[in-house]
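One file, input26.cif, carrying mmCIF, C-alpha atoms and all ligand atoms:
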data_my_file
loop_
_atom_site.label_atom_id
_atom_site.label_comp_id
_atom_site.auth_asym_id
_atom_site.auth_seq_id
_atom_site.Cartn_x
_atom_site.Cartn_y
_atom_site.Cartn_z
CA MET A 24 -46.45 -197.86 -185.84
CA SER A 25 -46.06 -195.55 -182.90
CA LYS A 26 -42.73 -194.03 -181.99
CA ALA A 27 -42.62 -195.96 -178.77
CA THR A 28 -43.18 -199.26 -180.50
CA ILE A 29 -40.39 -198.50 -182.90
CA ALA A 30 -38.12 -197.64 -180.01
CA VAL A 31 -38.73 -200.97 -178.33
CA ILE A 32 -37.97 -202.73 -181.54
CA ALA A 33 -34.80 -200.69 -181.91
CA ALA A 34 -33.84 -201.47 -178.35
CA PHE A 35 -34.23 -205.15 -178.96
CA SER A 36 -32.48 -205.19 -182.29
CA ALA A 37 -29.51 -203.27 -180.97
CA GLY A 38 -28.34 -206.28 -179.06
CA ALA A 39 -29.70 -209.14 -181.05
CA GLY A 40 -28.52 -208.28 -184.53
CA ALA A 41 -30.24 -208.15 -187.86
CA ALA A 42 -31.93 -211.49 -187.46
CA ALA A 43 -33.64 -210.27 -184.33
CA THR A 44 -37.32 -210.17 -184.23
CA ALA A 45 -38.82 -207.48 -182.17
CA ALA A 46 -40.49 -207.38 -178.85
CA MET A 47 -43.54 -205.33 -179.44
CA TYR A 48 -45.90 -203.80 -177.03
CA SER A 49 -48.82 -202.33 -178.79
CA LEU A 50 -49.57 -198.88 -177.54
CA ARG A 51 -53.00 -198.65 -179.00
CA SER A 52 -55.22 -196.98 -176.49
CA SER A 53 -56.34 -199.76 -174.28
CA ASP A 54 -59.40 -200.62 -172.38
CA LYS A 55 -60.13 -198.10 -169.72
CA LYS A 56 -58.29 -198.87 -166.55
CA PRO A 57 -60.56 -199.98 -163.76
CA GLU A 58 -60.36 -198.04 -160.53
CA ILE A 59 -58.33 -200.12 -158.15
CA LYS A 60 -57.61 -199.02 -154.64
CA THR A 61 -54.12 -200.10 -153.69
CA VAL A 62 -53.34 -200.75 -150.08
CA GLN A 63 -50.59 -198.35 -149.10
CA THR A 64 -48.18 -199.00 -146.31
CA SER A 65 -46.61 -195.81 -145.09
CA THR A 66 -44.12 -197.25 -142.67
CA LEU A 67 -41.56 -199.70 -143.93
CA SER A 68 -38.98 -201.11 -141.62
CA THR A 69 -35.41 -201.60 -142.75
CA THR A 70 -35.75 -205.26 -143.54
CA ALA A 71 -39.46 -205.29 -144.08
CA ILE A 72 -40.70 -208.50 -145.60
CA GLN A 73 -44.22 -207.17 -145.60
CA PRO A 74 -45.87 -207.06 -148.98
CA PRO A 75 -47.59 -203.71 -149.03
CA PHE A 76 -48.62 -204.11 -152.64
CA ALA A 77 -49.90 -207.64 -152.32
CA PRO A 78 -52.82 -208.46 -150.13
CA ALA A 79 -51.66 -209.38 -146.68
CA PRO A 80 -52.74 -212.82 -145.58
CA VAL A 81 -56.37 -212.20 -144.83
CA PRO A 82 -58.10 -214.14 -142.11
CA VAL A 83 -60.66 -216.35 -143.73
CA SER A 84 -63.36 -214.86 -141.60
CA GLN A 85 -62.56 -211.40 -142.95
CA VAL A 86 -62.54 -212.59 -146.53
CA LEU A 87 -65.86 -214.21 -146.04
CA SER A 88 -67.43 -211.23 -144.38
CA GLN A 89 -66.10 -209.03 -147.20
CA THR A 90 -67.67 -211.22 -149.81
CA SER A 91 -70.83 -211.05 -147.77
CA ILE A 92 -71.74 -214.64 -148.34
CA GLY A 93 -72.87 -214.60 -144.79
CA VAL A 94 -70.75 -217.44 -143.47
CA PRO A 95 -70.30 -217.53 -139.72
CA THR A 96 -66.81 -216.18 -138.99
CA THR A 97 -65.99 -219.21 -136.92
CA THR A 98 -66.64 -221.69 -139.71
CA PRO A 99 -63.51 -223.84 -140.19
CA ALA A 100 -62.15 -224.07 -143.72
CA SER A 101 -62.78 -227.77 -143.96
CA THR A 102 -66.47 -227.45 -143.43
CA GLY A 103 -66.99 -223.83 -144.34
CA LEU A 104 -69.83 -223.93 -146.78
CA ALA A 105 -71.72 -220.77 -147.48
CA THR A 106 -75.37 -221.00 -146.81
CA ASN A 107 -76.11 -220.12 -150.39
CA ALA A 108 -73.04 -221.62 -152.14
CA PRO A 109 -71.85 -225.23 -152.24
CA VAL A 110 -68.16 -224.28 -152.03
CA ASN A 111 -65.86 -221.94 -150.13
CA PRO A 112 -62.65 -221.19 -152.08
CA ALA A 113 -61.53 -218.62 -149.51
CA GLY A 114 -61.26 -221.37 -146.94
CA LEU A 115 -57.79 -221.98 -148.36
CA PHE A 116 -56.49 -218.83 -146.68
CA GLU A 117 -56.89 -220.42 -143.31
CA TYR A 118 -53.81 -222.43 -144.27
CA GLY A 119 -51.98 -219.50 -145.80
CA PHE A 120 -52.26 -216.91 -148.53
CA PRO A 121 -50.28 -217.95 -151.66
CA GLY A 122 -49.00 -214.47 -152.45
CA PRO A 123 -47.21 -213.24 -154.46
CA VAL A 124 -45.13 -211.51 -151.82
CA ALA A 125 -42.99 -208.71 -153.21
CA ASP A 126 -40.39 -208.48 -150.39
CA ILE A 127 -40.17 -204.73 -150.07
CA ALA A 128 -36.84 -203.67 -148.58
CA SER A 129 -36.67 -200.05 -147.50
CA ARG A 130 -33.10 -198.88 -147.03
CA SER A 131 -31.51 -195.46 -146.74
CA ALA A 132 -30.32 -195.49 -150.36
CA LEU A 133 -33.15 -197.32 -152.06
CA ILE A 134 -36.42 -199.17 -151.87
CA SER A 135 -36.69 -202.47 -153.70
CA SER A 136 -39.41 -204.92 -154.55
CA TYR A 137 -38.27 -208.47 -155.19
CA ASP A 138 -39.50 -211.13 -157.59
CA ARG A 139 -39.23 -214.46 -155.77
CA GLN A 140 -39.82 -216.43 -158.93
CA LYS A 141 -37.12 -214.83 -161.06
CA LYS A 142 -34.78 -214.00 -158.16
CA ASN A 143 -34.40 -210.48 -159.49
CA PRO A 144 -35.92 -207.24 -158.29
CA HIS A 145 -39.23 -206.13 -159.80
CA TRP A 146 -38.08 -202.57 -159.35
CA VAL A 147 -35.62 -200.53 -157.33
CA ALA A 148 -36.35 -196.87 -156.58
CA GLU A 149 -33.78 -194.22 -155.76
CA HIS A 150 -33.55 -190.46 -155.37
CA ILE A 151 -30.60 -188.32 -156.37
CA THR A 152 -29.99 -184.62 -155.87
CA PRO A 153 -27.04 -182.31 -156.52
CA ALA A 154 -26.24 -182.50 -152.79
CA SER A 155 -26.44 -186.29 -152.59
CA LEU A 156 -24.07 -186.62 -155.54
CA ALA A 157 -21.68 -183.98 -154.22
CA ALA A 158 -21.15 -185.73 -150.88
CA ARG A 159 -18.28 -188.23 -150.98
CA ASP A 160 -18.19 -190.47 -147.97
CA GLY A 161 -18.64 -193.88 -149.52
CA ASP A 162 -16.22 -195.89 -151.62
CA ARG A 163 -17.16 -199.12 -153.33
CA LYS A 164 -13.83 -200.60 -152.30
CA ASN A 165 -15.33 -200.77 -148.82
CA SER A 166 -18.53 -202.50 -149.89
CA ALA A 167 -19.16 -206.18 -150.49
CA PHE A 168 -21.90 -207.99 -152.41
CA LEU A 169 -24.44 -209.49 -150.02
CA GLU A 170 -27.28 -211.96 -150.23
CA ASP A 171 -30.32 -210.18 -148.88
CA PRO A 172 -31.66 -211.32 -145.51
CA ALA A 173 -34.89 -209.41 -146.26
CA VAL A 174 -35.80 -212.30 -148.58
CA PRO A 175 -36.52 -215.77 -147.14
CA GLU A 176 -33.58 -218.10 -147.82
CA LYS A 177 -35.32 -220.39 -150.30
CA TYR A 178 -36.20 -217.49 -152.60
CA ARG A 179 -32.88 -215.66 -152.39
CA ALA A 180 -30.48 -214.93 -155.21
CA LYS A 181 -27.13 -216.36 -154.12
CA LEU A 182 -23.60 -215.16 -154.71
CA LYS A 183 -22.76 -218.61 -156.05
CA ASP A 184 -25.47 -218.29 -158.70
CA TYR A 185 -23.52 -215.44 -160.26
CA PHE A 186 -20.10 -217.01 -159.78
CA ARG A 187 -18.59 -217.86 -163.17
CA SER A 188 -21.95 -217.30 -164.82
CA GLY A 189 -20.41 -214.97 -167.36
CA TYR A 190 -22.67 -212.15 -166.17
CA ASP A 191 -21.91 -209.14 -164.05
CA ARG A 192 -23.80 -208.52 -160.86
CA GLY A 193 -25.39 -205.46 -162.33
CA HIS A 194 -26.50 -202.79 -159.88
CA GLN A 195 -30.00 -201.47 -160.55
CA VAL A 196 -29.41 -198.49 -158.29
CA PRO A 197 -25.78 -197.70 -159.14
CA ALA A 198 -23.22 -197.61 -156.37
CA ALA A 199 -21.98 -194.34 -157.83
CA ASP A 200 -25.31 -192.69 -156.98
CA CYS A 201 -24.76 -193.43 -153.29
CA LYS A 202 -21.37 -192.04 -152.44
CA TRP A 203 -22.99 -189.80 -149.84
CA SER A 204 -22.39 -192.42 -147.17
CA GLN A 205 -20.70 -195.78 -146.88
CA GLY A 206 -23.87 -197.24 -145.42
CA ALA A 207 -25.89 -196.02 -148.40
CA MET A 208 -23.34 -197.40 -150.80
CA ASN A 209 -23.41 -200.70 -148.94
CA ASP A 210 -27.20 -200.74 -149.42
CA THR A 211 -26.71 -200.95 -153.16
CA PHE A 212 -24.68 -204.17 -152.84
CA TYR A 213 -27.53 -206.44 -151.76
CA LEU A 214 -28.38 -208.95 -154.46
CA THR A 215 -31.95 -207.65 -154.36
CA ASN A 216 -30.47 -204.62 -156.14
CA MET A 217 -28.72 -206.81 -158.73
CA CYS A 218 -29.59 -208.45 -162.00
CA PRO A 219 -27.35 -210.54 -164.23
CA GLN A 220 -26.11 -208.08 -166.82
CA VAL A 221 -23.89 -208.56 -169.83
CA GLY A 222 -20.61 -206.97 -168.75
CA GLU A 223 -18.66 -205.87 -171.78
CA GLY A 224 -20.54 -203.51 -174.04
CA PHE A 225 -23.41 -203.16 -171.60
CA ASN A 226 -23.00 -202.96 -167.81
CA ARG A 227 -19.47 -201.64 -168.09
CA ASP A 228 -20.21 -199.47 -171.08
CA TYR A 229 -23.51 -198.26 -172.49
CA TRP A 230 -25.52 -198.90 -169.34
CA ALA A 231 -22.87 -197.09 -167.30
CA HIS A 232 -23.10 -194.12 -169.67
CA PHE A 233 -26.86 -194.21 -169.26
CA GLU A 234 -26.48 -194.11 -165.46
CA ASP A 235 -24.15 -191.18 -165.92
CA PHE A 236 -26.82 -189.46 -168.01
CA CYS A 237 -29.21 -189.82 -165.07
CA ARG A 238 -26.72 -188.21 -162.71
CA ARG A 239 -26.12 -185.34 -165.12
CA LEU A 240 -29.83 -184.59 -165.02
CA THR A 241 -29.23 -183.10 -161.57
CA VAL A 242 -27.45 -180.20 -163.25
CA LYS A 243 -30.84 -179.08 -164.56
CA TYR A 244 -33.26 -180.72 -162.13
CA PRO A 245 -32.81 -180.31 -158.35
CA SER A 246 -34.42 -183.66 -157.61
CA VAL A 247 -34.39 -186.80 -159.72
CA ARG A 248 -36.14 -190.07 -158.94
CA ILE A 249 -35.32 -193.20 -160.86
CA VAL A 250 -37.01 -196.60 -160.92
CA THR A 251 -34.91 -199.36 -162.48
CA GLY A 252 -35.62 -203.00 -163.16
CA PRO A 253 -35.54 -206.01 -165.46
CA LEU A 254 -37.84 -207.08 -168.26
CA TYR A 255 -38.39 -210.44 -169.94
CA LEU A 256 -39.69 -209.59 -173.36
CA PRO A 257 -41.05 -211.94 -175.99
CA ARG A 258 -39.43 -212.28 -179.38
CA ARG A 259 -40.65 -213.93 -182.49
CA ASP A 260 -39.22 -217.33 -183.32
CA PRO A 261 -38.55 -217.42 -187.06
CA ALA A 262 -39.18 -221.18 -187.06
CA ASP A 263 -42.90 -220.91 -186.37
CA ASN A 264 -43.43 -217.16 -186.31
CA LYS A 265 -44.82 -217.27 -182.78
CA TRP A 266 -43.80 -215.11 -179.84
CA TYR A 267 -41.83 -216.68 -177.00
CA VAL A 268 -40.16 -215.39 -173.87
CA LYS A 269 -36.76 -217.03 -173.61
CA TYR A 270 -34.24 -216.24 -170.90
CA GLU A 271 -31.27 -217.97 -169.37
CA VAL A 272 -31.32 -219.02 -165.73
CA ILE A 273 -27.97 -218.99 -163.92
CA GLY A 274 -26.85 -221.02 -160.93
CA ASN A 275 -26.58 -224.70 -160.24
CA PRO A 276 -29.32 -225.68 -159.69
CA PRO A 277 -30.66 -222.88 -161.91
CA ASN A 278 -31.92 -220.01 -159.79
CA VAL A 279 -31.51 -216.46 -161.10
CA ALA A 280 -33.23 -215.43 -164.35
CA VAL A 281 -31.22 -213.38 -166.84
CA PRO A 282 -33.41 -210.48 -167.99
CA THR A 283 -33.68 -209.83 -171.69
CA HIS A 284 -33.99 -206.07 -171.13
CA PHE A 285 -33.80 -203.36 -168.49
CA TYR A 286 -35.91 -200.29 -167.98
CA LYS A 287 -35.51 -197.02 -166.20
CA VAL A 288 -38.37 -194.66 -165.54
CA ILE A 289 -36.95 -191.26 -164.62
CA PHE A 290 -38.87 -188.53 -162.79
CA ALA A 291 -37.03 -185.22 -163.02
CA GLU A 292 -38.67 -182.80 -160.60
CA ASP A 293 -38.47 -179.02 -160.83
CA GLY A 294 -38.00 -178.71 -157.09
CA THR A 295 -41.26 -176.98 -156.28
CA VAL A 296 -44.13 -178.54 -154.38
CA GLY A 297 -46.76 -179.58 -156.88
CA GLY A 298 -44.40 -178.58 -159.68
CA ASN A 299 -43.69 -180.12 -163.04
CA VAL A 300 -42.22 -183.57 -163.42
CA ALA A 301 -40.36 -184.49 -166.58
CA ILE A 302 -40.72 -188.21 -167.15
CA GLY A 303 -38.53 -190.34 -169.33
CA ALA A 304 -38.87 -194.09 -169.82
CA PHE A 305 -36.17 -196.18 -171.46
CA VAL A 306 -35.84 -199.85 -172.36
CA LEU A 307 -32.41 -201.27 -173.24
CA PRO A 308 -31.52 -204.81 -174.26
CA ASN A 309 -29.24 -206.84 -171.97
CA ALA A 310 -26.64 -206.99 -174.69
CA PRO A 311 -23.67 -205.02 -176.00
CA ILE A 312 -24.77 -201.68 -177.40
CA PRO A 313 -22.42 -199.57 -179.51
CA ASN A 314 -21.63 -196.24 -177.88
CA GLU A 315 -22.63 -194.49 -181.08
CA LYS A 316 -26.24 -195.51 -180.64
CA PRO A 317 -28.30 -192.50 -179.53
CA LEU A 318 -29.92 -192.82 -176.12
CA ALA A 319 -33.10 -191.34 -177.59
CA ASP A 320 -33.46 -194.55 -179.63
CA PHE A 321 -34.28 -196.35 -176.39
CA GLU A 322 -36.92 -193.93 -175.20
CA VAL A 323 -40.36 -195.51 -174.90
CA ALA A 324 -43.71 -194.43 -173.56
CA VAL A 325 -44.12 -195.03 -169.83
CA GLU A 326 -47.10 -197.14 -170.76
CA ALA A 327 -44.85 -199.48 -172.75
CA VAL A 328 -42.83 -200.20 -169.61
CA GLU A 329 -46.04 -200.63 -167.65
CA ARG A 330 -47.36 -203.21 -170.09
CA ALA A 331 -44.04 -205.03 -170.29
CA SER A 332 -43.48 -205.12 -166.53
CA GLY A 333 -47.01 -205.28 -165.19
CA LEU A 334 -46.09 -202.36 -162.95
CA GLU A 335 -47.63 -198.94 -162.68
CA PHE A 336 -45.75 -195.65 -162.66
CA ALA A 337 -46.95 -192.15 -161.93
CA SER A 338 -50.61 -193.12 -161.77
CA LYS A 339 -51.17 -190.30 -159.30
CA LEU A 340 -49.35 -187.61 -161.24
CA PRO A 341 -51.85 -185.27 -162.88
CA VAL A 342 -51.42 -184.89 -166.63
CA GLN A 343 -50.99 -181.13 -166.39
CA ARG A 344 -47.84 -181.57 -164.26
CA ARG A 345 -46.26 -184.04 -166.65
CA ARG A 346 -43.53 -183.16 -169.10
CA ARG A 347 -41.63 -185.40 -171.46
CA LEU A 348 -38.03 -185.58 -170.30
CA CYS A 349 -36.47 -185.85 -173.75
CA ALA A 350 -38.45 -182.80 -174.93
CA ASP A 351 -37.44 -180.85 -171.83
CA THR A 352 -33.75 -181.74 -172.01
CA SER A 353 -31.35 -183.48 -174.35
CA CYS A 354 -31.33 -187.26 -173.86
CA SER A 355 -27.83 -188.30 -174.84
CA ILE A 356 -24.92 -190.12 -173.28
CA VAL A 357 -21.37 -188.88 -172.77
CA VAL A 358 -18.83 -191.61 -173.30
CA LYS A 359 -15.25 -190.55 -172.62
CA GLU A 360 -14.84 -190.84 -168.88
CA TYR A 361 -15.91 -194.46 -168.74
CA ALA A 362 -13.89 -195.69 -171.68
CA ASP A 363 -10.68 -195.17 -169.71
CA ARG A 364 -12.00 -197.08 -166.74
CA GLN A 365 -12.95 -199.89 -169.02
CA LYS A 366 -9.39 -200.09 -170.25
CA ALA A 367 -8.05 -200.10 -166.72
CA PHE A 368 -10.44 -202.90 -165.88
CA ALA A 369 -9.36 -204.98 -168.86
CA LYS A 370 -5.72 -204.64 -167.76
CA GLY A 371 -6.64 -206.00 -164.35
CA GLY A 372 -7.51 -209.25 -166.10
CA GLN A 373 -10.53 -209.88 -163.92
CA GLN A 374 -12.85 -212.49 -165.26
CA GLN A 375 -16.26 -211.44 -166.39
CA GLY A 376 -18.92 -212.46 -163.97
CA ARG A 377 -16.60 -212.79 -161.02
CA LEU A 378 -16.23 -209.17 -160.17
CA THR A 379 -18.13 -206.16 -161.22
CA PRO A 380 -15.60 -203.67 -162.50
CA PRO A 381 -14.85 -200.61 -160.42
CA ARG A 382 -16.80 -197.95 -162.19
CA ASN A 383 -18.05 -195.63 -159.49
C1 LIG A 401 -20.03 -201.65 -145.51
O1 LIG A 401 -19.83 -202.98 -145.89
C2 LIG A 401 -18.57 -203.50 -145.48
C3 LIG A 401 -18.41 -204.87 -146.13
O2 LIG A 401 -19.51 -205.68 -145.87
C4 LIG A 401 -18.53 -203.56 -143.99
O3 LIG A 401 -17.28 -204.07 -143.55
C5 LIG A 401 -18.70 -202.14 -143.44
O4 LIG A 401 -18.78 -202.18 -142.05
C6 LIG A 401 -19.98 -201.53 -144.00
N1 LIG A 401 -20.02 -200.13 -143.61
C7 LIG A 401 -21.12 -199.53 -143.20
C8 LIG A 401 -20.99 -198.10 -142.80
O5 LIG A 401 -22.20 -200.09 -143.12
#
Rendering of file as structure tokens:
Amino acid sequence: MSKATIAVIAAFSAGAGAAATAAMYSLRSSDKKPEIKTVQTSTLSTTAIQPPFAPAPVPVSQVLSQTSIGVPTTTPASTGLATNAPVNPAGLFEYGFPGPVADIASRSALISSYDRQKKNPHWVAEHITPASLAARDGDRKNSAFLEDPAVPEKYRAKLKDYFRSGYDRGHQVPAADCKWSQGAMNDTFYLTNMCPQVGEGFNRDYWAHFEDFCRRLTVKYPSVRIVTGPLYLPRRDPADNKWYVKYEVIGNPPNVAVPTHFYKVIFAEDGTVGGNVAIGAFVLPNAPIPNEKPLADFEVAVEAVERASGLEFASKLPVQRRRRLCADTSCSIVVKEYADRQKAFAKGGQQQGRLTPPRN
């Protein structure tokens, strides 16, 4: 078994106890990736709803000309039969392209891609530097959680979905990474930057220490990029020995999926153009994790996160510029500072799931 596979198993077991069966992503070298040209959108407006990574709704005429079936561009969908084919599936697009649409929101603090089906982000990307973390102009006391207008209403995660759910509104890009301006901090409070996270033992504890680890990387690396998001991993049901994905859905009616795991893919840059990039990928279960558990136990291969999420990271980074983060630096959490905050939070008597504790 590869190290990465073991790590994913460890990550799963940490939260689910001895009876847990593991979520495994085989890392055997896979079929060669086909060359796929992704459409890139270079300009993203603040509340862009454009899906740069999904095909934009394509006029049927264009689709048809691309497939070179030779259908007249004016052929209506209802009658559009190719001269040499009895059907015209692309005629559907005249009525609309089904998607998926990934609701990219590009804000000063972060860029997020949203999963309309699970009402969670797919990923949220941020950038931290020593200077960005040194500036202190934002305070989370002045921010409020917001439903995101960048997502059409019917697909939105709602504040009421989280209310009394028992889960924290867990920041993917942490508020504490965006103290450089109040506006940037506010950006992190959109629900498109949130996932339901177990509060005690995870969001308020181990996950917070993990976020702190990311910030401490800026002591060594002048520029650190982090992509964070949820996973929904299968586990084996002991009853029939088959693999199932099981996750809670919160809200009434049910709306927001509760991820089983979270990932971070970290790009620690050496600060030179074309320089080395130390990459670390981590998968943690959405469950209490004892502080004693080494962070390195949760390290996985980037490819494991890619398989589990369906996403792609660093596909354009040449191999010779890649380093492994946990070989380049020590991957470990520091606990003390947050333990005190946790105590202060407990004294406040706030109910889990109603308020995310102040831990910036
Ligand atoms: C931040 O959010 C708060 C609460 O929604 C709002 O009152 C304030 O104006 C925002 N500040 C900035 C700088 O956007």
Item to check | Env. residues ligand LIG 401 (chain A) / 7 Å / only C-alpha atoms and all ligand atoms / as a list in words | outcome: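 Answer in the requested format: Asn165, Ser166, Ala167, Gln205, Gly206 and Asn209 of chain A.
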Next on the checklist: If I take CA of Leu133 in chain A and CA of Met217 in chain A, how far is one from the other in Å, to one decimal?
Outcome noted: 12.4 Å
Could you give me, as a tab-separated table, every range 260-349 of chain A residue with an atom at most 6 Å from range 234-252 of chain A, plus its closest atom pair and distance in Å to one decimal, counting all atoms listed in the file, rows ordered by chain then number?
residue	atom	partner	partner_atom	distance
A:Phe285	CA	A:Gly252	CA	5.6
A:Tyr286	CA	A:Gly252	CA	5.5
A:Lys287	CA	A:Thr251	CA	4.4
A:Val288	CA	A:Val250	CA	5.2
A:Ile289	CA	A:Ile249	CA	4.5
A:Phe290	CA	A:Arg248	CA	5.0
A:Ala291	CA	A:Val247	CA	4.5
A:Glu292	CA	A:Ser246	CA	5.3
A:Asp293	CA	A:Tyr244	CA	5.6
A:Gly294	CA	A:Pro245	CA	5.6
Checklist entry - From the set A:Ala337, A:Leu307, A:Val296, A:Ala125, which residue has the shortest atom-to-atom contact distance to Trp146 in chain A, counting all atoms listed in the file? => result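 Smallest separation from Trp146 in chain A among the options: A:Ala125.
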Item to check | Residue with smallest distance to Val281 in chain A - pool A:Arg139, A:Lys316, A:Lys202, A:Arg192, counting all atoms listed in the file | outcome: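 Counting all atoms listed in the file, the residue closest to Val281 in chain A is A:Arg192.
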Next on the checklist: Which residues are near Gln140 in chain A? Cut-off 9 Å, all atoms listed in the file, ignore same chain within fewer than 4 positions. Put them as a PyMOL selection string.
Outcome noted: chain A and resi 178+278-280
Checklist entry - Which distance in Å separates CA of Pro144 in chain A and CA of Leu348 in chain A, to one decimal? => result 24.9 Å
Checklist entry - Which residue out of A:Asn143, A:Ala350, A:Glu271, A:Gly193 has the minimum interatomic distance to Trp230 in chain A when only C-alpha atoms are used? => result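 Answer, going by the shortest atom-to-atom distance: A:Gly193.
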